[in-house]
file structure-v6.txt (compact mmCIF, C-alpha atoms)
# COMPACT_ATOMS: atom_id res chain seq x y z
CA SER I 1 69.22 45.78 105.37
CA PRO I 2 69.11 42.13 104.32
CA SER I 3 72.40 42.47 102.46
CA THR I 4 74.11 43.79 105.60
CA HIS I 5 72.87 40.83 107.60
CA ALA I 6 73.91 38.41 104.83
CA ARG I 7 77.43 39.87 104.83
CA ASN I 8 77.55 39.64 108.63
CA VAL I 9 76.59 35.97 108.60
CA MET I 10 79.07 35.27 105.79
CA SER I 11 81.96 37.02 107.57
CA ASN I 12 81.15 35.22 110.83
CA SER I 13 81.10 31.89 108.98
CA ILE I 14 84.47 32.66 107.40
CA LEU I 15 85.91 33.64 110.79
CA LEU I 16 84.64 30.36 112.25
CA ASP I 17 86.31 28.55 109.36
CA LEU I 18 89.59 30.39 109.91
CA SER I 19 89.42 29.48 113.60
CA GLY I 20 89.31 25.79 112.69
CA VAL I 21 85.55 25.20 112.60
CA GLY I 22 85.21 24.13 108.98
CA PHE I 23 82.13 24.65 106.83
CA GLU I 24 81.20 20.98 107.06
CA LYS I 25 80.91 21.25 110.84
CA GLN I 26 79.14 24.63 111.00
CA PRO I 27 75.52 23.65 110.23
CA ASN I 28 75.23 21.24 113.18
CA LEU I 29 77.17 23.54 115.48
CA LEU I 30 75.07 26.57 114.54
CA ARG I 31 71.91 24.56 115.16
CA LYS I 32 73.20 23.66 118.63
CA SER I 33 74.00 27.30 119.24
CA LEU I 34 70.48 28.40 118.29
CA LEU I 35 68.95 25.78 120.57
CA GLU I 36 71.23 26.90 123.41
CA MET I 37 70.19 30.52 122.88
CA ARG I 38 66.50 29.65 122.70
CA ASP I 39 66.52 27.33 125.71
CA LYS I 40 69.16 29.24 127.69
CA GLY I 41 70.99 25.93 127.92
CA LYS I 42 74.16 24.84 129.68
CA TYR I 43 76.61 26.34 127.16
CA TRP I 44 74.63 29.58 126.88
CA LYS I 45 74.72 29.95 130.68
CA GLU I 46 78.44 29.19 130.77
CA ALA I 47 79.12 31.75 128.01
CA LYS I 48 76.92 34.35 129.69
CA ASP I 49 78.61 33.77 133.08
CA ALA I 50 82.01 34.07 131.37
CA ASN I 51 80.91 37.52 130.09
CA LEU I 52 81.29 36.30 126.51
CA LEU I 53 77.95 37.48 125.19
CA GLY I 54 76.79 41.08 124.99
CA HIS I 55 79.85 42.82 123.51
CA GLU I 56 79.05 42.29 119.87
CA PHE I 57 79.24 44.82 117.07
CA VAL I 58 75.90 46.46 117.79
CA GLY I 59 76.94 47.01 121.39
CA GLY I 60 80.12 48.72 120.23
CA GLU I 61 80.10 50.60 116.94
CA ILE I 62 76.55 50.51 115.66
CA ALA I 63 75.08 51.55 119.00
CA GLU I 64 77.45 54.54 119.05
CA LEU I 65 76.42 55.51 115.52
CA ILE I 66 72.74 55.22 116.41
CA ASP I 67 73.27 57.31 119.55
CA ASN I 68 74.84 60.05 117.43
CA PHE I 69 71.62 60.36 115.45
CA ASP I 70 69.10 59.85 118.28
CA ARG I 71 67.29 62.96 119.38
CA PRO I 72 64.33 63.28 121.75
CA ALA I 73 61.19 62.61 119.73
CA GLU I 74 58.54 65.32 119.57
CA SER I 75 55.93 63.18 117.83
CA VAL I 76 54.61 59.64 117.55
CA VAL I 77 56.30 59.35 114.15
CA GLY I 78 59.57 60.42 115.76
CA LYS I 79 59.22 57.82 118.50
CA ILE I 80 58.47 55.09 115.92
CA TRP I 81 61.47 56.21 113.86
CA ASN I 82 63.74 56.03 116.91
CA ALA I 83 62.46 52.55 117.81
CA THR I 84 62.73 51.11 114.29
CA LYS I 85 66.32 52.29 113.95
CA ARG I 86 67.23 49.88 116.74
CA LEU I 87 65.50 46.79 115.33
CA PRO I 88 68.18 45.88 112.76
CA GLY I 89 70.82 46.16 115.46
CA LYS I 90 69.08 43.52 117.56
CA ALA I 91 69.09 41.08 114.64
CA TYR I 92 72.74 41.92 113.94
CA GLN I 93 73.65 41.38 117.58
CA GLY I 94 71.75 38.09 117.59
CA ALA I 95 73.82 36.83 114.66
CA GLU I 96 77.02 37.87 116.40
CA GLN I 97 76.03 35.98 119.55
CA TRP I 98 74.92 32.97 117.52
CA PHE I 99 78.33 32.49 115.91
CA LYS I 100 80.29 33.38 119.03
CA LEU I 101 78.33 30.81 121.02
CA ALA I 102 78.93 28.24 118.26
CA LYS I 103 82.70 28.74 118.63
CA PHE I 104 82.35 28.51 122.40
CA ILE I 105 80.41 25.22 122.10
CA ASP I 106 82.98 23.79 119.68
CA GLU I 107 85.79 24.60 122.10
CA ARG I 108 83.91 23.19 125.12
CA GLU I 109 83.07 19.98 123.25
CA GLY I 110 86.73 19.75 122.30
CA GLY I 111 87.73 19.72 125.98
CA ALA I 112 88.47 23.40 126.63
CA THR I 113 87.65 24.92 129.98
CA ILE I 114 84.97 27.60 130.13
CA LYS I 115 87.66 30.29 130.31
CA GLU I 116 89.63 28.85 127.38
CA ALA I 117 86.48 28.47 125.27
CA ALA I 118 85.42 32.05 125.99
CA GLU I 119 88.89 33.35 125.12
CA GLN I 120 88.91 31.50 121.80
CA ALA I 121 85.38 32.61 120.92
CA GLU I 122 86.22 36.23 121.67
CA LYS I 123 89.55 35.99 119.86
CA TRP I 124 87.93 34.82 116.63
CA LEU I 125 84.52 36.51 116.84
CA PHE I 126 85.52 39.64 118.73
CA ASN I 127 84.53 41.80 121.62
CA TYR I 128 83.95 45.10 119.86
CA GLN I 129 84.33 47.07 123.07
CA LYS I 130 87.92 45.91 123.67
CA VAL I 131 89.89 48.06 121.25
CA SER I 132 93.17 49.94 121.16
CA PRO I 133 93.21 53.63 122.08
CA PHE I 134 93.79 54.47 118.40
CA VAL I 135 90.71 52.56 117.23
CA GLN I 136 88.65 54.03 120.06
CA ALA I 137 89.69 57.58 119.11
CA ALA I 138 89.05 56.95 115.40
CA ARG I 139 85.57 55.56 116.13
CA ARG I 140 84.68 58.67 118.10
CA SER I 141 86.18 61.17 115.69
CA PRO I 142 83.84 63.45 113.75
CA ILE I 143 84.63 61.67 110.47
CA GLY I 144 84.32 58.21 112.00
CA ILE I 145 85.54 55.22 110.04
CA PRO I 146 82.80 52.62 109.53
CA PHE I 147 83.74 49.05 110.37
CA LEU I 148 87.19 50.09 111.59
CA THR I 149 86.91 47.81 114.60
CA PHE I 150 86.08 44.77 112.46
CA THR I 151 89.05 45.51 110.20
CA ALA I 152 91.42 46.09 113.13
CA LYS I 153 90.36 42.83 114.77
CA SER I 154 90.09 40.62 111.68
CA ILE I 155 93.45 41.43 110.07
CA PRO I 156 95.47 39.80 112.89
CA ARG I 157 93.27 36.67 112.64
CA VAL I 158 93.77 36.47 108.88
CA LEU I 159 97.54 36.93 109.29
CA GLU I 160 97.64 34.30 112.04
CA THR I 161 95.79 31.88 109.76
CA ALA I 162 98.16 32.67 106.89
CA VAL I 163 101.14 31.73 109.06
CA GLU I 164 99.71 28.79 111.00
CA ASN I 165 97.36 27.21 108.45
CA PRO I 166 97.69 28.82 105.01
CA LEU I 167 95.44 26.27 103.29
CA ARG I 168 92.46 27.66 105.22
CA LEU I 169 93.03 30.91 103.33
CA TYR I 170 94.15 29.42 100.03
CA LYS I 171 90.76 27.82 99.39
CA TYR I 172 89.24 31.32 99.25
CA LYS I 173 91.72 32.36 96.58
CA VAL I 174 90.89 29.24 94.57
CA MET I 175 87.16 29.90 94.97
CA PHE I 176 87.37 33.56 93.91
CA ASP I 177 89.65 32.69 90.99
CA ALA I 178 87.08 30.11 89.84
CA ILE I 179 84.25 32.65 90.13
CA GLU I 180 86.28 35.16 88.14
CA ASN I 181 87.09 32.60 85.44
CA VAL I 182 83.44 31.58 85.07
CA ALA I 183 82.37 35.22 84.92
CA GLN I 184 85.00 35.94 82.26
CA GLU I 185 83.91 32.95 80.18
CA ARG I 186 80.19 33.70 80.40
CA LEU I 187 80.43 37.46 80.06
CA GLY I 188 83.31 37.47 77.61
CA ILE I 189 85.33 39.80 79.80

call {"tool": "encode", "arguments": {"input": "structure-v6.txt", "output": "structure tokens"}}
result
Amino acid sequence: SPSTHARNVMSNSILLDLSGVGFEKQPNLLRKSLLEMRDKGKYWKEAKDANLLGHEFVGGEIAELIDNFDRPAESVVGKIWNATKRLPGKAYQGAEQWFKLAKFIDEREGGATIKEAAEQAEKWLFNYQKVSPFVQAARRSPIGIPFLTFTAKSIPRVLETAVENPLRLYKYKVMFDAIENVAQERLGI
């Protein structure tokens, strides 16, 4: 759904910010990333060769969820249903690659080696297939826990930011406090 994709883009932007790629730098960097993806440019090739791209959320959790519901189709309608279920995942995966490649480009332009840039991009924007045995078991359990992998991977990054650069987090508190104050004033809550 559009709201799911909006939340995905927002969370990736916040993760880029926490990694040190501030909001003021993101528009130009994301444009470069899109051009690299479209043209299969130098940085895209480096990231692809470093095995950085292709392990995004849709390749990990969402693909597993979809596979749980896929059944052989007996009709044309069934085949169309199976195909359309995969379309949102491709858009989701594209957004994941877009932001991951942006982090990679930022690191490379900052002087990092290909390996270092790939490690930083994966650290902050995640390889959803590299998980602990606990997370792997929980994902495959009958009850399944949606977005467990994102939570398990993002919490250490948020804690690292809190220790190493707390102002990167504090601005979010200030922003949400301001939103709450405006809402209280306007709604009389």

call {"tool": "atom_distance", "arguments": {"input": "structure-v6.txt", "atom1": "atom CA of I:Phe147", "atom2": "atom CA of I:Ala6"}}
result
15.5 Å

call {"tool": "closest_residue", "arguments": {"input": "structure-v6.txt", "among": "I:Gln97, I:Ser154, I:Asn127, I:Ser33", "to": "I:Ser11", "atoms": "all atoms listed in the file"}}
result
I:Ser154

call {"tool": "atom_distance", "arguments": {"input": "structure-v6.txt", "atom1": "atom CA of I:Lys115", "atom2": "atom CA of I:Leu52"}}
result
9.5 Å

call {"tool": "closest_residue", "arguments": {"input": "structure-v6.txt", "among": "I:Lys48, I:Trp98, I:Gly20, I:Lys123", "to": "I:Gly110", "atoms": "all atoms listed in the file"}}
result
I:Gly20

call {"tool": "closest_residue", "arguments": {"input": "structure-v6.txt", "among": "I:Leu15, I:Asp106, I:Met10, I:Gln93", "to": "I:Arg31", "atoms": "only C-alpha atoms"}}
result
I:Asp106

call {"tool": "atom_distance", "arguments": {"input": "structure-v6.txt", "atom1": "atom CA of I:Gly22", "atom2": "atom CA of I:Arg168"}}
result
8.9 Å

call {"tool": "residues_around", "arguments": {"input": "structure-v6.txt", "residues": "I:Ser19", "least_positions_apart": "2", "cutoff": "10 Å", "atoms": "all atoms listed in the file", "output": "list of chain:residue names"}}
result
I:Ser13, I:Ile14, I:Leu15, I:Leu16, I:Asp17, I:Val21, I:Gly22, I:Lys103, I:Gln120, I:Ala121, I:Lys123, I:Trp124, I:Leu125, I:Arg157, I:Val158, I:Glu160, I:Thr161, I:Asn165, I:Arg168
